[in-house]
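K.L.:
Dropping in final-v8.tsv, with TSV, C-alpha atoms.
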```
chain	number	residue	atom	x	y	z
E	11	MET	CA	29.61	16.72	-24.51
E	12	GLN	CA	25.86	16.78	-24.19
E	13	VAL	CA	22.93	18.82	-22.89
E	14	ASN	CA	22.31	17.80	-19.28
E	15	THR	CA	18.77	18.97	-18.54
E	16	GLY	CA	15.68	20.53	-20.08
E	17	SER	CA	14.05	20.40	-23.48
E	18	ALA	CA	17.21	19.19	-25.24
E	19	LYS	CA	18.33	16.80	-22.49
E	20	GLY	CA	20.65	14.06	-23.72
E	21	ARG	CA	21.35	15.63	-27.12
E	22	ARG	CA	25.02	15.22	-28.02
E	23	LEU	CA	26.75	18.40	-29.14
E	24	LYS	CA	29.37	18.62	-31.84
E	25	SER	CA	32.88	19.84	-31.07
E	26	VAL	CA	35.01	22.29	-32.98
E	27	PRO	CA	37.86	20.38	-34.69
E	28	GLY	CA	41.39	21.00	-33.40
E	29	ASP	CA	42.56	22.30	-30.06
E	30	ALA	CA	41.87	26.03	-30.45
E	31	ILE	CA	38.58	25.76	-28.56
E	32	ARG	CA	38.54	24.76	-24.90
E	33	PRO	CA	35.09	23.25	-24.35
E	34	ILE	CA	33.65	23.38	-20.87
E	35	THR	CA	33.53	20.07	-19.05
E	36	ASP	CA	30.11	18.60	-18.31
E	37	ARG	CA	31.03	18.76	-14.59
E	38	ALA	CA	31.78	22.50	-14.67
E	39	LYS	CA	28.72	23.22	-16.80
E	40	GLN	CA	26.51	21.26	-14.41
E	41	ALA	CA	28.03	23.22	-11.50
E	42	ILE	CA	27.11	26.56	-13.09
E	43	PHE	CA	23.49	25.55	-13.47
E	44	ASN	CA	23.31	23.96	-10.02
E	45	ILE	CA	24.43	27.30	-8.60
E	46	LEU	CA	21.97	29.34	-10.69
E	47	MET	CA	19.07	26.89	-10.19
E	48	ASP	CA	15.69	28.37	-11.19
E	49	ASP	CA	17.14	31.79	-12.02
E	50	VAL	CA	17.90	30.51	-15.52
E	51	ARG	CA	14.22	30.32	-16.54
E	52	GLY	CA	13.28	33.43	-18.51
E	53	SER	CA	16.82	34.86	-18.46
E	54	ARG	CA	18.82	36.40	-21.28
E	55	TRP	CA	22.40	35.21	-21.96
E	56	LEU	CA	25.43	36.61	-23.76
E	57	ASP	CA	27.99	33.89	-24.48
E	58	LEU	CA	31.32	35.47	-25.42
E	59	PHE	CA	33.97	33.29	-27.07
E	60	ALA	CA	31.09	30.81	-27.47
E	61	GLY	CA	33.10	27.95	-29.00
E	62	THR	CA	30.57	25.12	-29.29
E	63	GLY	CA	27.78	27.13	-27.69
E	64	ALA	CA	27.38	24.50	-24.95
E	65	VAL	CA	26.72	26.90	-22.06
E	66	ALA	CA	24.18	29.05	-23.89
E	67	ILE	CA	22.49	25.94	-25.29
E	68	GLU	CA	22.26	24.44	-21.79
E	69	ALA	CA	20.69	27.70	-20.57
E	70	LEU	CA	18.17	27.69	-23.43
E	71	SER	CA	17.34	24.04	-22.81
E	72	ARG	CA	16.63	24.93	-19.16
E	73	GLY	CA	14.21	27.70	-20.09
E	74	ALA	CA	16.30	30.80	-20.78
E	75	GLU	CA	14.39	33.23	-22.98
E	76	HIS	CA	17.22	34.14	-25.35
E	77	ALA	CA	20.95	33.76	-25.94
E	78	THR	CA	23.36	35.72	-28.09
E	79	LEU	CA	26.47	33.73	-28.98
E	80	ILE	CA	29.61	35.54	-30.13
E	81	ASP	CA	32.71	33.97	-31.67
E	82	ILE	CA	35.17	35.11	-34.29
E	83	ALA	CA	36.21	31.69	-35.59
E	84	PRO	CA	34.29	30.52	-38.69
E	85	GLN	CA	34.50	26.85	-37.61
E	86	ALA	CA	33.05	27.72	-34.19
E	87	ILE	CA	30.15	29.62	-35.79
E	88	LYS	CA	29.41	26.61	-38.01
E	89	VAL	CA	29.42	24.24	-35.00
E	90	ILE	CA	27.27	26.59	-32.89
E	91	ARG	CA	24.65	26.77	-35.65
E	92	GLU	CA	24.70	22.97	-36.02
E	93	ASN	CA	24.37	22.47	-32.24
E	94	LEU	CA	21.43	24.87	-32.12
E	95	ARG	CA	19.81	22.92	-34.97
E	96	ILE	CA	20.44	19.56	-33.23
E	97	THR	CA	18.78	20.88	-30.06
E	98	ASN	CA	15.91	22.69	-31.85
E	99	LEU	CA	16.83	25.94	-30.11
E	100	GLU	CA	17.67	28.13	-33.13
E	101	SER	CA	14.62	30.35	-32.66
E	102	LYS	CA	15.82	31.45	-29.21
E	103	ALA	CA	19.38	32.27	-30.25
E	104	ARG	CA	21.30	34.85	-32.22
E	105	VAL	CA	24.73	33.84	-33.50
E	106	ILE	CA	27.20	36.59	-34.37
E	107	ARG	CA	30.62	36.17	-35.95
E	108	GLN	CA	32.54	39.04	-34.43
E	109	ASP	CA	35.44	39.79	-32.13
E	110	ALA	CA	34.07	39.77	-28.57
E	111	PHE	CA	35.93	42.96	-27.65
E	112	ASP	CA	34.54	44.85	-30.65
E	113	TYR	CA	31.06	43.68	-29.63
E	114	LEU	CA	31.53	44.86	-26.03
E	115	GLN	CA	32.82	48.29	-27.11
E	116	ALA	CA	29.63	49.04	-29.02
E	117	ARG	CA	26.68	50.79	-27.44
E	118	PRO	CA	24.62	48.10	-25.69
E	119	ASN	CA	21.60	47.07	-27.78
E	120	ALA	CA	20.34	44.61	-25.17
E	121	ARG	CA	20.70	43.81	-21.48
E	122	TYR	CA	21.69	40.37	-20.37
E	123	ASP	CA	21.04	38.62	-17.09
E	124	TYR	CA	24.15	36.48	-17.54
E	125	ILE	CA	27.32	37.06	-19.51
E	126	PHE	CA	29.49	33.97	-19.86
E	127	VAL	CA	33.19	34.56	-20.55
E	128	ALA	CA	35.38	31.59	-21.54
E	129	PRO	CA	38.16	32.83	-23.83
E	130	PRO	CA	41.25	30.98	-25.05
E	131	GLN	CA	43.56	30.27	-22.13
E	132	TYR	CA	46.79	31.94	-21.02
E	133	GLN	CA	46.35	35.13	-23.01
E	134	GLY	CA	44.83	37.36	-20.32
E	135	LEU	CA	41.63	37.61	-22.34
E	136	TRP	CA	39.36	36.77	-19.41
E	137	SER	CA	40.52	39.84	-17.46
E	138	ARG	CA	40.40	42.04	-20.56
E	139	ALA	CA	36.79	40.92	-21.22
E	140	LEU	CA	35.80	41.48	-17.59
E	141	ILE	CA	37.26	44.99	-17.66
E	142	ALA	CA	35.46	45.71	-20.96
E	143	ILE	CA	32.14	44.63	-19.41
E	144	ASP	CA	32.84	46.73	-16.31
E	145	GLU	CA	33.57	49.78	-18.49
E	146	ASN	CA	30.37	49.27	-20.52
E	147	VAL	CA	28.17	47.77	-17.81
E	148	GLY	CA	25.00	48.61	-19.74
E	149	TRP	CA	25.26	45.14	-21.32
E	150	LEU	CA	24.33	43.67	-17.93
E	151	SER	CA	20.89	43.90	-16.32
E	152	GLU	CA	20.66	45.57	-12.90
E	153	SER	CA	20.70	42.20	-11.11
E	154	GLY	CA	22.92	40.53	-13.70
E	155	ALA	CA	26.04	38.44	-13.26
E	156	VAL	CA	29.17	37.64	-15.23
E	157	ILE	CA	30.45	34.08	-15.11
E	158	VAL	CA	34.09	33.52	-16.06
E	159	GLN	CA	35.64	30.14	-16.87
E	160	LEU	CA	39.43	29.96	-16.69
E	161	ASP	CA	42.36	27.82	-15.65
E	162	PRO	CA	43.14	28.49	-11.94
E	163	LYS	CA	46.74	29.38	-12.91
E	164	GLU	CA	45.39	32.38	-14.84
E	165	TYR	CA	43.47	33.94	-11.95
E	166	PHE	CA	44.47	37.16	-10.24
E	167	PRO	CA	42.26	39.73	-8.46
E	168	ILE	CA	41.02	42.64	-10.55
E	169	ALA	CA	39.81	46.03	-9.28
E	170	LEU	CA	36.46	46.81	-10.93
E	171	ASP	CA	34.02	49.70	-10.49
E	172	HIS	CA	30.69	48.05	-11.31
E	173	LEU	CA	31.28	44.35	-10.68
E	174	GLU	CA	32.33	42.44	-7.58
E	175	LEU	CA	33.45	38.87	-7.15
E	176	SER	CA	30.67	37.07	-5.29
E	177	ASP	CA	31.74	33.43	-5.62
E	178	GLN	CA	34.50	31.28	-7.01
E	179	ARG	CA	34.61	27.52	-7.45
E	180	ARG	CA	37.27	25.15	-8.63
E	181	TYR	CA	36.69	21.88	-10.48
E	182	GLY	CA	40.06	20.33	-11.26
E	183	LYS	CA	41.73	22.53	-13.88
E	184	THR	CA	38.65	24.71	-14.28
E	185	MET	CA	37.84	27.74	-12.13
E	186	LEU	CA	34.49	29.48	-12.24
E	187	LEU	CA	34.24	33.08	-11.07
E	188	PHE	CA	30.90	34.79	-10.46
E	189	TYR	CA	30.78	38.59	-10.57
E	190	ASP	CA	27.61	40.44	-9.57
E	191	ARG	CA	26.71	43.93	-10.73
E	192	ILE	CA	27.02	46.40	-7.86
```
How does the structure come out when it is put into structure tokens?
P.N.:
Amino acid sequence: MQVNTGSAKGRRLKSVPGDAIRPITDRAKQAIFNILMDDVRGSRWLDLFAGTGAVAIEALSRGAEHATLIDIAPQAIKVIRENLRITNLESKARVIRQDAFDYLQARPNARYDYIFVAPPQYQGLWSRALIAIDENVGWLSESGAVIVQLDPKEYFPIALDHLELSDQRRYGKTMLLFYDRI
């Protein structure tokens, strides 16, 4: 796993030991940023269930202004901090050890252009996180988007009030869903 483009291009990222974290494939990560293109520059990211921090770090490397990375696992937090150090992107990031759902229930203290959701698989957490964002949509900027990474077997349509599915892509056993704020 490495940073594909930008200021930290080619830097190899560390992985979280064990199989509790499902890191994004380089192919799926590249696809996200090919879709977003130049919209990444100057954007603000919230990376929920951040794991290794690879998506937020890629965004920062490509010119995102700031990223907040949330994970509850102590090992993940340690790896995220190390990966930010390796890429020299610590000054643009805030790392928080907290349950993602507790974070989303709080009153929004920032607005994000992109919220990336990639929770542990097969637990319904992706839909629960999407509903939590929809219910507290103040976390998302007016033209913001939520990007969900999940196994295609997990997907089912969800009725939301403030978000609508605008695109979905499949890359092997990875599905990417893009929800725009209405």
K.L.:
Go through E:Leu23, E:Val156, E:Arg95, E:Asp161 and flag the residue nearest Ile42 in chain E, using only C-alpha atoms for the distances.
P.N.:
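Of E:Leu23, E:Val156, E:Arg95, E:Asp161, the one nearest Ile42 in chain E, counting only C-alpha atoms, is E:Val156.
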K.L.:
Would you compute the distance between CA of Asp171 in chain E and CA of Val127 in chain E? Give it in Å to one decimal.
P.N.:
18.2 Å
K.L.:
If the box runs along x, y and z of the file and leaves 8 Å on each side of range 112-122 of chain E, what are its centre and edge lengths in Å, one decimal, as lines of an AutoDock Vina configuration file?
P.N.:
```
center_x = 27.4
center_y = 45.6
center_z = -25.5
size_x = 30.2
size_y = 26.4
size_z = 26.3
```
K.L.:
Any chance you could tabulate, as a Markdown table, the residues of range 63-166 of chain E at most 7 Å from range 24-29 of chain E with each one's nearest atom pair and distance in Å to one decimal, using all atoms listed in the file, in chain and rising number order?
P.N.:
```
| residue | atom | partner | partner_atom | distance |
| --- | --- | --- | --- | --- |
| E:Gln85 | CA | E:Val26 | CA | 6.5 |
| E:Ala86 | CA | E:Val26 | CA | 5.9 |
| E:Val89 | CA | E:Val26 | CA | 6.3 |
| E:Asn93 | CA | E:Lys24 | CA | 6.3 |
```
K.L.:
Residues around (24.8, 17.6, -20.7), cut-off 10 Å, counting all atoms listed in the file - what are they as a PyMOL selection string?
P.N.:
chain E and resi 11-16+18-23+35-37+39-40+64-65+67-68
K.L.:
What's the separation between CA of Phe166 in chain E and CA of Asp57 in chain E, in Å to one decimal place?
P.N.:
22.0 Å
K.L.:
Compile the contact shell of range 115-119 of chain E as an MDAnalysis selection string: residues with an atom at most 9 Å away, counting all atoms listed in the file, same-chain residues fewer than 5 positions apart removed.
P.N.:
chainID E and resid 110 142:143 145:150
K.L.:
Taking C-alpha atoms for each residue, export the selection above as a compact mmCIF listing (two decimals), keeping the file's coordinate frame.
P.N.:
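And here's again_38.txt as it stands now:
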```txt
# COMPACT_ATOMS: atom_id res chain seq x y z
CA ALA E 110 34.07 39.77 -28.57
CA ALA E 142 35.46 45.71 -20.96
CA ILE E 143 32.14 44.63 -19.41
CA GLU E 145 33.57 49.78 -18.49
CA ASN E 146 30.37 49.27 -20.52
CA VAL E 147 28.17 47.77 -17.81
CA GLY E 148 25.00 48.61 -19.74
CA TRP E 149 25.26 45.14 -21.32
CA LEU E 150 24.33 43.67 -17.93
```
K.L.:
Could you pull the residues within 8 Å of Leu58 in chain E, counting only C-alpha atoms, minus those fewer than 6 positions along the same chain, as a CSV table (one decimal) with C-alpha atoms, in the frame of the given file?
P.N.:
```csv
chain,number,residue,atom,x,y,z
E,79,LEU,CA,26.5,33.7,-29.0
E,80,ILE,CA,29.6,35.5,-30.1
E,81,ASP,CA,32.7,34.0,-31.7
E,110,ALA,CA,34.1,39.8,-28.6
E,125,ILE,CA,27.3,37.1,-19.5
E,126,PHE,CA,29.5,34.0,-19.9
E,127,VAL,CA,33.2,34.6,-20.6
E,128,ALA,CA,35.4,31.6,-21.5
E,129,PRO,CA,38.2,32.8,-23.8
```
K.L.:
Report, in Å with one decimal, the straight-line distance from CA of Phe188 in chain E to CA of Pro130 in chain E.
P.N.:
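A separation of 18.3 Å between them.
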K.L.:
Between E:Ile45, E:Leu135, E:Ile106, E:Leu187, single out the one closest to Ile157 in chain E, counting all atoms listed in the file.
P.N.:
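Looking at the shortest contact to Ile157 in chain E, the residue is E:Leu187.
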K.L.:
When you count all atoms listed in the file, which of these residues is closest to Arg179 in chain E: E:Pro162, E:Phe59, E:Pro167, E:Gly52?
P.N.:
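Among the listed residues, the smallest separation from Arg179 in chain E belongs to E:Pro162.
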K.L.:
Using all atoms listed in the file for the distances, tell me which of E:Arg180, E:Lys163, E:Lys102, E:Lys88 is nearest to Gln133 in chain E.
P.N.:
E:Lys163
K.L.:
From the list E:Val158, E:Ile82, E:Ala74, E:Leu186, which residue is nearest Val105 in chain E when using all atoms listed in the file?
P.N.:
E:Ile82
K.L.:
Kindly indicate which residue among E:Arg91, E:Ile96, E:Ser17, E:Tyr113 lies nearest to Ser71 in chain E, using all atoms listed in the file for the distances.
P.N.:
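Answer, going by the shortest atom-to-atom distance: E:Ser17.
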